[in-house]
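**Q** data.tsv is reproduced in full below (TSV, C-alpha atoms and all ligand atoms).
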```tsv
chain	number	residue	atom	x	y	z
A	1	MET	CA	101.84	152.07	117.02
A	2	GLU	CA	101.03	152.30	113.32
A	3	GLN	CA	101.81	149.38	111.11
A	4	PRO	CA	103.42	149.93	107.68
A	5	THR	CA	100.74	150.69	105.10
A	6	THR	CA	101.25	147.64	102.92
A	7	ARG	CA	101.07	145.28	105.87
A	8	ARG	CA	97.89	146.96	107.09
A	9	ARG	CA	96.26	146.66	103.66
A	10	PHE	CA	97.16	143.01	103.54
A	11	LEU	CA	95.61	142.44	106.97
A	12	GLN	CA	92.43	144.28	106.04
A	13	GLY	CA	92.07	142.12	102.95
A	14	ALA	CA	92.71	138.96	104.91
A	15	THR	CA	90.22	139.98	107.58
A	16	ALA	CA	87.47	140.65	105.07
A	17	GLY	CA	87.99	137.20	103.52
A	18	THR	CA	87.97	135.47	106.88
A	19	VAL	CA	84.78	137.20	107.99
A	20	GLY	CA	83.10	136.10	104.79
A	21	MET	CA	83.88	132.50	105.52
A	22	ILE	CA	83.03	132.53	109.21
A	23	LEU	CA	79.79	134.50	109.40
A	24	GLU	CA	77.47	131.96	107.84
A	25	GLY	CA	74.21	133.61	106.93
A	26	SER	CA	75.32	137.20	107.38
A	27	ASN	CA	75.32	139.80	104.68
A	28	VAL	CA	78.41	141.72	105.75
A	29	VAL	CA	80.70	140.71	102.94
A	30	SER	CA	79.92	140.95	99.27
A	31	ALA	CA	81.18	137.72	97.79
A	32	GLY	CA	81.73	138.99	94.27
A	33	ALA	CA	85.24	140.30	94.72
A	34	LEU	CA	86.54	137.09	96.27
A	35	GLY	CA	85.11	134.78	93.67
A	36	SER	CA	82.91	132.93	96.16
A	37	ILE	CA	79.18	132.62	95.71
A	38	ARG	CA	76.64	133.21	98.40
A	39	ILE	CA	72.89	133.23	98.77
A	40	GLU	CA	71.77	136.29	100.69
A	41	GLU	CA	68.04	135.64	100.62
A	42	PRO	CA	66.44	133.58	101.90
A	43	PHE	CA	68.42	133.09	105.07
A	44	HIS	CA	69.61	129.58	106.00
A	45	GLY	CA	66.88	128.17	108.26
A	46	ALA	CA	64.23	130.70	107.17
A	47	VAL	CA	60.61	129.74	107.83
A	48	LEU	CA	58.66	130.76	104.74
A	49	ASN	CA	54.93	131.19	104.24
A	50	ARG	CA	52.66	132.68	101.57
A	51	ARG	CA	53.76	136.18	102.60
A	52	HIS	CA	57.24	135.39	101.23
A	53	GLY	CA	56.24	134.37	97.74
A	54	LYS	CA	53.44	133.21	95.52
A	55	GLU	CA	51.32	130.16	96.24
A	56	VAL	CA	50.83	127.99	93.17
A	57	ASP	CA	49.02	124.64	93.41
A	58	GLY	CA	50.07	123.96	96.98
A	59	SER	CA	53.69	124.99	96.44
A	60	LEU	CA	55.42	128.28	97.11
A	61	GLU	CA	57.36	130.25	94.52
A	62	ILE	CA	60.08	132.35	96.11
A	63	ARG	CA	62.87	134.56	94.88
A	64	VAL	CA	66.44	133.57	95.70
A	65	SER	CA	69.10	136.26	95.49
A	66	GLY	CA	72.77	136.61	96.27
A	67	GLN	CA	76.22	137.60	95.10
A	68	ALA	CA	78.70	135.90	92.77
A	69	SER	CA	81.70	136.92	90.74
A	70	LEU	CA	80.76	139.14	87.82
A	71	ARG	CA	82.12	136.76	85.18
A	72	ASP	CA	80.71	133.50	86.52
A	73	GLN	CA	77.78	131.52	85.19
A	74	VAL	CA	75.35	131.02	88.07
A	75	THR	CA	72.67	128.39	88.47
A	76	VAL	CA	70.16	127.98	91.27
A	77	ASN	CA	68.88	124.45	91.76
A	78	GLY	CA	70.17	123.68	88.29
A	79	LEU	CA	68.51	126.54	86.41
A	80	PRO	CA	70.39	129.59	85.07
A	81	ALA	CA	70.03	132.63	87.30
A	82	GLN	CA	69.55	136.21	86.18
A	83	ARG	CA	72.56	138.45	86.65
A	84	GLU	CA	72.83	142.14	87.40
A	85	GLY	CA	76.39	143.14	88.27
A	86	THR	CA	77.60	140.82	91.01
A	87	ARG	CA	74.02	140.06	91.99
A	88	PHE	CA	72.07	137.00	90.91
A	89	THR	CA	68.38	136.22	91.28
A	90	SER	CA	66.29	133.19	90.52
A	91	GLU	CA	62.76	131.90	91.16
A	92	VAL	CA	62.56	128.63	93.08
A	93	THR	CA	59.47	126.55	93.71
A	94	ILE	CA	59.25	124.98	97.14
A	95	ARG	CA	57.13	121.86	97.43
A	96	GLN	CA	58.47	120.05	100.48
A	97	LYS	CA	58.44	121.07	104.12
A	98	GLU	CA	62.24	121.37	103.92
A	99	THR	CA	63.96	122.39	100.71
A	100	GLU	CA	67.62	122.69	99.88
A	101	ILE	CA	68.63	125.61	97.68
A	102	ILE	CA	71.95	125.28	95.84
A	103	ALA	CA	73.49	128.26	94.11
A	104	ALA	CA	76.46	127.21	91.96
A	105	SER	CA	78.92	129.21	89.91
A	106	ASP	CA	81.41	128.19	87.25
A	107	GLY	CA	84.32	130.49	86.58
A	108	SER	CA	88.01	131.14	87.02
A	109	PHE	CA	87.94	129.71	90.59
A	110	GLY	CA	86.35	126.51	89.33
A	111	ARG	CA	82.94	125.39	90.50
A	112	GLN	CA	81.68	126.80	93.76
A	113	GLU	CA	78.48	126.24	95.66
A	114	HIS	CA	76.50	127.73	98.49
A	115	ARG	CA	73.84	125.47	99.94
A	116	ILE	CA	71.13	126.56	102.33
A	117	ARG	CA	67.94	124.96	103.59
A	118	VAL	CA	64.61	126.59	104.21
A	119	VAL	CA	61.41	125.43	105.88
A	120	CYS	CA	58.00	125.91	104.36
A	121	ASP	CA	55.20	126.68	106.82
A	122	ARG	CA	52.83	124.83	104.52
A	123	HIS	CA	49.68	124.97	106.62
A	124	SER	CA	50.32	128.48	107.74
A	125	LYS	CA	47.60	130.73	109.05
A	126	PRO	CA	47.71	133.86	111.17
A	127	ARG	CA	48.01	132.54	114.69
A	128	TYR	CA	48.98	133.52	118.21
A	129	ARG	CA	50.45	131.68	121.12
A	130	PHE	CA	50.10	132.83	124.75
A	131	SER	CA	52.81	131.75	127.11
A	132	ILE	CA	53.21	132.74	130.77
A	133	ASP	CA	56.59	132.30	132.44
A	134	ASP	CA	57.83	131.95	136.02
A	135	ASN	CA	54.74	130.18	137.39
A	136	SER	CA	54.77	128.81	140.92
A	137	PHE	CA	52.63	131.03	143.18
A	138	PHE	CA	49.30	129.75	141.85
A	139	LEU	CA	50.25	126.13	142.45
A	140	ARG	CA	51.35	126.93	146.00
A	141	ASP	CA	48.11	128.88	146.53
A	142	ILE	CA	45.91	125.98	145.40
A	143	ALA	CA	47.89	123.44	147.43
A	144	GLN	CA	47.64	125.59	150.56
A	145	LYS	CA	44.01	126.68	150.25
A	146	GLN	CA	42.70	123.29	149.09
A	147	TYR	CA	40.00	124.97	146.98
A	148	ALA	CA	37.01	122.95	145.79
A	149	SER	CA	38.00	123.82	142.21
A	150	LEU	CA	41.22	124.92	140.50
A	151	PHE	CA	39.32	127.94	139.27
A	152	ASP	CA	38.61	129.18	142.77
A	153	CYS	CA	42.17	130.47	142.47
A	154	PHE	CA	41.70	133.97	140.98
A	155	TYR	CA	44.64	133.52	138.61
A	156	LEU	CA	43.26	130.45	136.86
A	157	LYS	CA	39.74	131.89	137.01
A	158	ASN	CA	40.84	135.00	135.11
A	159	LEU	CA	42.69	132.91	132.54
A	160	ARG	CA	39.60	130.77	132.09
A	161	ASP	CA	37.49	133.92	131.57
A	162	LEU	CA	39.87	135.00	128.79
A	163	HIS	CA	39.63	131.53	127.27
A	164	SER	CA	35.81	131.55	127.44
A	165	LYS	CA	35.61	134.97	125.80
A	166	HIS	CA	38.28	134.63	123.12
A	167	GLY	CA	39.21	130.95	122.89
A	168	THR	CA	42.75	131.72	124.09
A	169	ARG	CA	45.05	128.81	124.86
A	170	PHE	CA	47.60	129.26	127.62
A	171	VAL	CA	50.80	127.41	128.36
A	172	LEU	CA	52.04	128.03	131.90
A	173	ASN	CA	55.76	127.48	132.32
A	174	ILE	CA	56.34	126.31	135.87
A	175	TYR	CA	59.01	125.90	138.53
A	176	TYR	CA	59.60	122.90	140.76
A	177	ALA	CA	60.04	124.94	143.94
A	178	THR	CA	59.25	128.34	145.43
A	179	LYS	CA	61.67	130.28	147.62
A	180	ASP	CA	59.77	129.50	150.84
A	181	GLY	CA	60.02	125.76	150.32
A	182	PHE	CA	56.87	124.71	148.45
A	183	GLU	CA	57.64	121.93	145.98
A	184	LEU	CA	55.53	120.30	143.30
A	185	PRO	CA	55.25	116.90	145.08
A	186	GLU	CA	53.06	118.72	147.62
A	187	PHE	CA	50.51	119.55	144.94
A	188	PRO	CA	47.50	117.23	145.37
A	189	GLU	CA	46.11	114.86	142.74
A	190	ARG	CA	42.48	115.70	143.56
A	191	TYR	CA	42.23	118.22	140.69
A	192	LYS	CA	43.51	115.81	138.05
A	193	SER	CA	40.19	115.39	136.23
A	194	GLU	CA	39.66	119.16	136.25
A	195	TRP	CA	43.08	119.67	134.66
A	196	GLN	CA	42.26	117.02	132.08
A	197	ASP	CA	38.87	118.57	131.29
A	198	ASN	CA	40.58	121.88	130.54
A	199	SER	CA	43.66	120.54	128.80
A	200	ASP	CA	42.44	121.64	125.35
A	201	TRP	CA	43.29	125.24	126.34
A	202	LEU	CA	45.44	125.03	129.49
A	203	LYS	CA	48.85	123.32	129.51
A	204	LEU	CA	51.72	123.15	131.95
A	205	ALA	CA	55.37	123.05	130.91
A	206	PHE	CA	58.77	123.03	132.58
A	207	HIS	CA	60.45	126.43	132.92
A	208	ALA	CA	63.20	126.01	135.56
A	209	TYR	CA	63.84	124.38	138.93
A	210	ALA	CA	63.20	127.72	140.69
A	211	ASN	CA	63.08	131.45	140.08
A	212	GLU	CA	66.58	131.90	141.51
A	213	PRO	CA	69.37	131.99	140.62
A	214	ASP	CA	69.02	134.18	137.52
A	215	ARG	CA	70.00	132.56	134.23
A	216	PRO	CA	70.12	129.09	135.81
A	217	TYR	CA	70.99	127.20	132.62
A	218	GLN	CA	73.18	129.70	130.78
A	219	TYR	CA	76.41	127.99	131.81
A	220	THR	CA	74.98	124.77	133.21
A	221	PRO	CA	75.65	121.38	131.66
A	222	ALA	CA	72.78	120.05	129.58
A	223	SER	CA	72.47	117.07	131.94
A	224	GLN	CA	71.37	119.33	134.83
A	225	LEU	CA	68.77	121.06	132.67
A	226	ILE	CA	67.35	117.73	131.53
A	227	THR	CA	67.29	116.40	135.10
A	228	ASP	CA	65.28	119.43	136.24
A	229	LEU	CA	63.00	119.18	133.20
A	230	ASN	CA	62.22	115.55	133.93
A	231	LYS	CA	61.50	116.26	137.60
A	232	VAL	CA	58.91	118.86	136.67
A	233	ALA	CA	57.47	116.78	133.81
A	234	GLU	CA	56.97	113.82	136.14
A	235	GLN	CA	55.02	116.00	138.59
A	236	ILE	CA	52.84	117.60	135.91
A	237	ILE	CA	51.87	114.17	134.63
A	238	ARG	CA	51.23	112.92	138.18
A	239	PHE	CA	48.86	115.68	139.24
A	240	ALA	CA	47.45	116.94	135.92
A	241	GLY	CA	47.75	114.03	133.48
A	242	GLU	CA	49.54	113.53	130.15
A	243	GLN	CA	47.00	115.68	128.28
A	244	THR	CA	47.96	118.74	130.33
A	245	TYR	CA	51.69	118.31	129.74
A	246	SER	CA	53.42	120.47	127.14
A	247	PRO	CA	57.09	120.20	126.27
A	248	PRO	CA	59.00	123.31	127.37
A	249	THR	CA	58.55	126.34	125.13
A	250	VAL	CA	60.61	128.87	127.05
A	251	ILE	CA	63.55	128.07	129.31
A	252	HIS	CA	64.02	130.53	132.21
A	253	TRP	CA	65.96	133.57	130.95
A	254	GLY	CA	66.02	132.14	127.43
A	255	MET	CA	69.59	130.95	127.79
A	256	VAL	CA	70.98	127.42	127.50
A	257	GLN	CA	74.24	125.91	126.38
A	258	PRO	CA	74.31	125.08	122.65
A	259	THR	CA	74.94	121.43	123.61
A	260	ALA	CA	71.56	121.41	125.41
A	261	LEU	CA	69.52	121.88	122.24
A	262	LYS	CA	69.65	118.29	120.97
A	263	PRO	CA	68.79	116.81	124.37
A	264	LEU	CA	65.89	119.29	124.60
A	265	PHE	CA	64.65	118.14	121.18
A	266	GLU	CA	64.82	114.56	122.43
A	267	CYS	CA	62.57	115.64	125.34
A	268	GLY	CA	59.94	116.79	122.84
A	269	VAL	CA	60.94	120.46	122.50
A	270	ARG	CA	60.13	121.76	119.02
A	271	VAL	CA	60.00	125.52	119.58
A	272	LEU	CA	61.86	127.82	121.96
A	273	SER	CA	60.85	131.45	122.36
A	274	GLY	CA	63.24	134.24	123.23
A	275	TYR	CA	63.69	138.02	122.96
A	276	PHE	CA	66.71	138.01	120.63
A	277	SER	CA	67.29	141.56	121.80
A	278	ARG	CA	70.36	143.66	121.14
A	279	VAL	CA	72.48	144.56	124.14
A	280	ASN	CA	75.73	146.53	124.27
A	281	SER	CA	78.03	143.65	123.60
A	282	GLY	CA	75.83	141.51	121.39
A	283	TRP	CA	72.52	139.72	121.89
A	284	ASP	CA	70.58	138.51	124.88
A	285	VAL	CA	67.80	136.07	125.80
A	286	ASN	CA	68.82	134.37	122.55
A	287	TYR	CA	69.71	130.81	123.70
A	288	LEU	CA	73.32	131.81	122.93
A	289	LEU	CA	72.70	131.69	119.19
A	290	ASP	CA	75.37	133.39	117.07
A	291	ASP	CA	75.05	137.10	116.25
A	292	ALA	CA	73.89	136.62	112.66
A	293	ARG	CA	70.98	134.37	113.62
A	294	SER	CA	70.10	136.48	116.67
A	295	GLU	CA	69.95	139.60	114.52
A	296	TYR	CA	67.80	137.76	111.98
A	297	LEU	CA	65.42	136.58	114.71
A	298	SER	CA	65.16	140.09	116.12
A	299	ARG	CA	63.13	140.96	113.01
A	300	HIS	CA	61.55	137.65	111.97
A	301	ASP	CA	58.90	135.36	113.45
A	302	ALA	CA	60.96	132.18	113.43
A	303	LEU	CA	64.14	130.39	112.38
A	304	MET	CA	64.95	126.68	112.16
A	305	ASP	CA	68.13	125.33	113.74
A	306	PHE	CA	68.71	122.24	111.62
A	307	ASP	CA	71.41	120.84	113.92
A	308	SER	CA	68.92	120.34	116.74
A	309	GLY	CA	65.60	120.42	114.88
A	310	ILE	CA	64.36	123.23	117.13
A	311	VAL	CA	62.61	126.30	115.72
A	312	PHE	CA	63.30	129.56	117.51
A	313	SER	CA	60.45	132.04	117.88
A	314	LYS	CA	60.70	135.75	118.55
A	315	VAL	CA	58.56	136.98	121.46
A	316	ASP	CA	56.45	139.84	120.11
A	317	ILE	CA	55.16	141.42	123.29
A	318	VAL	CA	55.77	141.11	127.02
A	319	CYS	CA	52.50	142.18	128.62
A	320	ASN	CA	53.94	142.90	132.06
A	321	SER	CA	56.29	145.49	130.59
A	322	THR	CA	53.81	147.01	128.12
A	323	PRO	CA	51.22	149.49	129.46
A	324	ILE	CA	47.70	149.14	128.05
A	325	ASP	CA	47.99	152.16	125.75
A	326	ARG	CA	51.18	150.70	124.21
A	327	ILE	CA	49.84	147.24	123.46
A	328	VAL	CA	48.18	147.87	120.10
A	329	PRO	CA	50.99	150.23	118.96
A	330	THR	CA	53.44	147.40	119.75
A	331	LEU	CA	51.54	144.71	117.86
A	332	GLU	CA	50.13	146.64	114.93
A	333	PRO	CA	53.40	147.37	113.06
A	334	LEU	CA	54.19	143.63	113.18
A	335	THR	CA	51.04	142.82	111.21
A	336	LYS	CA	52.33	145.06	108.40
A	337	ASP	CA	55.71	143.32	108.13
A	338	PRO	CA	55.60	140.08	106.09
A	339	ASN	CA	58.47	138.71	108.18
A	340	GLN	CA	56.65	139.20	111.47
A	341	ALA	CA	52.95	139.18	110.63
A	342	GLU	CA	52.09	135.49	110.63
A	343	ILE	CA	52.79	134.43	114.20
A	344	MET	CA	52.17	136.48	117.32
A	345	ASP	CA	54.21	135.16	120.24
A	346	ILE	CA	52.50	136.79	123.23
A	347	PHE	CA	54.05	136.54	126.58
A	348	THR	CA	54.02	137.59	130.22
A	349	HIS	CA	55.13	136.52	133.72
A	350	GLU	CA	53.03	135.15	136.59
A	351	GLN	CA	54.45	137.12	139.51
A	352	TYR	CA	52.99	140.46	138.36
A	353	PHE	CA	49.43	139.13	138.89
A	354	TRP	CA	49.92	138.74	142.64
A	355	PRO	CA	49.21	141.66	145.00
A	356	PHE	CA	51.92	140.49	147.44
A	357	TYR	CA	54.59	140.75	144.74
A	358	SER	CA	56.73	143.90	144.98
A	359	ASN	CA	56.11	144.82	141.35
A	360	TYR	CA	52.41	143.86	141.28
A	361	ILE	CA	50.58	145.23	138.23
A	362	PRO	CA	46.89	145.86	139.08
A	363	ASP	CA	45.80	146.03	135.43
A	364	HIS	CA	47.77	142.97	134.29
A	365	PHE	CA	44.68	140.99	133.23
A	366	GLN	CA	43.35	144.01	131.31
A	367	ARG	CA	46.69	144.10	129.46
A	368	LEU	CA	46.26	140.48	128.49
A	369	GLU	CA	42.70	141.09	127.37
A	370	THR	CA	43.75	144.14	125.31
A	371	ALA	CA	46.36	142.10	123.45
A	372	ILE	CA	44.12	139.05	123.03
A	373	ARG	CA	41.08	141.02	121.91
A	374	TRP	CA	43.14	142.90	119.33
A	375	VAL	CA	44.86	139.88	117.76
A	376	THR	CA	41.49	138.07	117.73
A	377	GLU	CA	39.90	141.00	115.89
A	378	GLN	CA	42.75	140.86	113.35
A	379	GLY	CA	41.94	137.20	112.64
A	380	TYR	CA	44.73	135.45	114.58
A	381	LYS	CA	43.80	132.00	115.96
A	382	PRO	CA	45.00	130.62	119.31
A	383	VAL	CA	47.48	127.72	119.08
A	384	PHE	CA	50.01	125.72	121.05
A	385	PHE	CA	53.45	125.80	119.44
A	386	HIS	CA	54.14	122.13	120.18
A	387	GLU	CA	51.15	121.05	118.06
A	388	GLY	CA	51.81	120.77	114.31
A	389	PHE	CA	54.45	123.14	112.98
A	390	LEU	CA	54.53	126.19	115.26
A	391	GLY	CA	50.86	125.51	115.95
A	392	ALA	CA	49.81	125.08	112.30
A	393	LEU	CA	48.40	121.58	112.04
A	394	GLU	CA	49.89	119.43	109.29
A	401	ZN	ZN	61.63	132.91	133.42
```
Would you put the structure from the file into structure tokens?
**A**
Amino acid sequence: MEQPTTRRRFLQGATAGTVGMILEGSNVVSAGALGSIRIEEPFHGAVLNRRHGKEVDGSLEIRVSGQASLRDQVTVNGLPAQREGTRFTSEVTIRQKETEIIAASDGSFGRQEHRIRVVCDRHSKPRYRFSIDDNSFFLRDIAQKQYASLFDCFYLKNLRDLHSKHGTRFVLNIYYATKDGFELPEFPERYKSEWQDNSDWLKLAFHAYANEPDRPYQYTPASQLITDLNKVAEQIIRFAGEQTYSPPTVIHWGMVQPTALKPLFECGVRVLSGYFSRVNSGWDVNYLLDDARSEYLSRHDALMDFDSGIVFSKVDIVCNSTPIDRIVPTLEPLTKDPNQAEIMDIFTHEQYFWPFYSNYIPDHFQRLETAIRWVTEQGYKPVFFHEGFLGALE
């Protein structure tokens, strides 16, 4: 049933105003008409590097832009902004790792402010991180076969070959248990010194308790996630030593409760990678971030969540779902986009390496090598995200 016209107009107006207040960080509503001021760029939580501005004496000059009422005087961090219709722009120099940007307006609605914070990736360099999810089969294999060396297992041998050739660092995100009953406490300590000797390029991290169920932490209390994390961490340290341990960098299915983020930070987590991919009803594999931030991450390398202190990273390629001839065409456009060029988050899953797995991919290692060789040729350096800021050492 149609509503009377005047009532409908009123509701539309009210809705537009409400959206403007609720969707922090989104660009859907032009603020000018309502008298509020908002910074549109940079985005709250943006991770900025030299590609986003001009480097001057160790600081970064960036442009801040947004919308304010046509009649208002606007300042940005205390300096008058340039106006062009409802738009304002201003140059801001960023010197600290974290900088607050305050846009303020004075006008008929009184003084209004919009504050955001941005992070400067001060020691930024083109870099890549290689993370492999869903690991458990190789640990079971080594425990069962009792090899003389870890690298008698073909999986670790092939990873070591890639490391020897290209310097690649790998973080393997592992489970506590496999479906057939193998559990980490069964993994022997006899390889500990070998793990330690290779810990400069090979790390182990918690991923989940087990492969099943799907999305194990999406609706699970944070306490269960942290219990599982600690169980796996304790085992990694027992059989592979502290040096081999990495805080988690991807949680299985990339979904946790928002209340889990602070406890994860307290467990050493600094970066979480996800797909931030659009699905019919919203966004997925996005750690349940809101739509505005998920959309932003779908086309940017990284975003800081100040509430938890965790930086989210966008996975750039999933090798097991990218055929060899699609690998370079997937990565190359990213190197041309200043928002995605600095950090390559390269990713795959363990199960596809194993011939007994139903979806075994015979050329999986060649896919890895194609991606690694290409980013290496483009000048990207291998890093671990938990070292320095997203792998850039401070
Ligand atoms: Zn997973």
**Q** If I take CA of Asp134 (chain A) and CA of Phe384 (chain A), how far is one from the other in Å, to one decimal?
**A**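 Interatomic distance here is 18.0 Å.
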**Q** Identify which of the residues A:His349, A:Arg51, A:Lys262, A:Arg38 lies closest to Phe306 (chain A), counting all atoms listed in the file when measuring atom-to-atom distances.
**A**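 The closest residue to Phe306 (chain A) is A:Lys262.
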**Q** Would you name the residues within 7 Å of ligand ZN 401 (chain A), counting all atoms listed in the file, and put them as a list in words?
**A**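 Within the 7 Å cut-off, the matching residues are Asp133, Asp134, His207, Asn211, Ile251, His252 and Trp253 of chain A.
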**Q** Might you pull out every residue within 6 Å of Leu60 (chain A), with all atoms listed in the file counted and same-chain residues fewer than 3 positions away left off, and present them as a ChimeraX atom specification?
**A** /A:54-55,93-94
**Q** Keeping only C-alpha atoms, take the residues you just selected and write them out as a compact mmCIF listing (two decimals), in the coordinates of the input.
**A**
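Saved to selection.txt:
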```
# COMPACT_ATOMS: atom_id res chain seq x y z
CA LYS A 54 53.44 133.21 95.52
CA GLU A 55 51.32 130.16 96.24
CA THR A 93 59.47 126.55 93.71
CA ILE A 94 59.25 124.98 97.14
```
**Q** Within 7 Å of Ile39 (chain A), counting all atoms listed in the file, which residues show up once you throw out same-chain ones fewer than 6 positions away? Write them as a list in words, please.
**A** Ser65, Gly66, Gln67, Ala103 and His114 of chain A
**Q** Create the file for the chosen residues now, containing C-alpha atoms and written as a PDB file, in the frame of the given file.
**A**
```pdb
ATOM      1  CA  SER A  65      69.100 136.260  95.490  1.00  0.00           C
ATOM      2  CA  GLY A  66      72.770 136.610  96.270  1.00  0.00           C
ATOM      3  CA  GLN A  67      76.220 137.600  95.100  1.00  0.00           C
ATOM      4  CA  ALA A 103      73.490 128.260  94.110  1.00  0.00           C
ATOM      5  CA  HIS A 114      76.500 127.730  98.490  1.00  0.00           C
TER       6      HIS A 114
END
```
**Q** Could you list, as a short mmCIF file (atom, residue, chain, number, x, y, z; two decimals) with C-alpha atoms, in the frame of the given file, every residue within 10 Å of Glu266 (chain A), counting all atoms listed in the file and ignoring same-chain residues fewer than 6 positions away?
**A**
```
data_model
loop_
_atom_site.label_atom_id
_atom_site.label_comp_id
_atom_site.auth_asym_id
_atom_site.auth_seq_id
_atom_site.Cartn_x
_atom_site.Cartn_y
_atom_site.Cartn_z
CA ILE A 226 67.35 117.73 131.53
CA SER A 308 68.92 120.34 116.74
CA GLY A 309 65.60 120.42 114.88
#
```
**Q** Quick one: residues within 12 Å of Pro329 (chain A), only C-alpha atoms, excluding same-chain residues fewer than 4 positions away - as a list in words?
**A** Asp316, Ile317, Thr322, Pro323, Ile324, Asp325, Pro333, Leu334, Thr335, Lys336, Thr370, Ala371 and Trp374 of chain A
**Q** So how many Å separate CA of Asp161 (chain A) and CA of Glu369 (chain A), to one decimal?
**A**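 These atoms are spaced 9.8 Å apart.
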**Q** For the atom pair CA of Glu40 (chain A) and CA of Glu100 (chain A), what is the interatomic distance in Å to one decimal place?
**A**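 Between CA of Glu40 (chain A) and CA of Glu100 (chain A) the gap is 14.2 Å.
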**Q** Restricting the calculation to only C-alpha atoms: of A:Met344, A:Pro42, A:Leu150, A:Arg160, which residue gets closest to Ile102 (chain A)?
**A**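 Nearest candidate to Ile102 (chain A) out of A:Met344, A:Pro42, A:Leu150, A:Arg160: A:Pro42.
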**Q** Would you be able to write out as an MDAnalysis selection string which residues have an atom within 7 Å of (56.3, 126.1, 99.8) in the file's coordinates, counting all atoms listed in the file?
**A** chainID A and resid 49 59:61 93:97 120 122
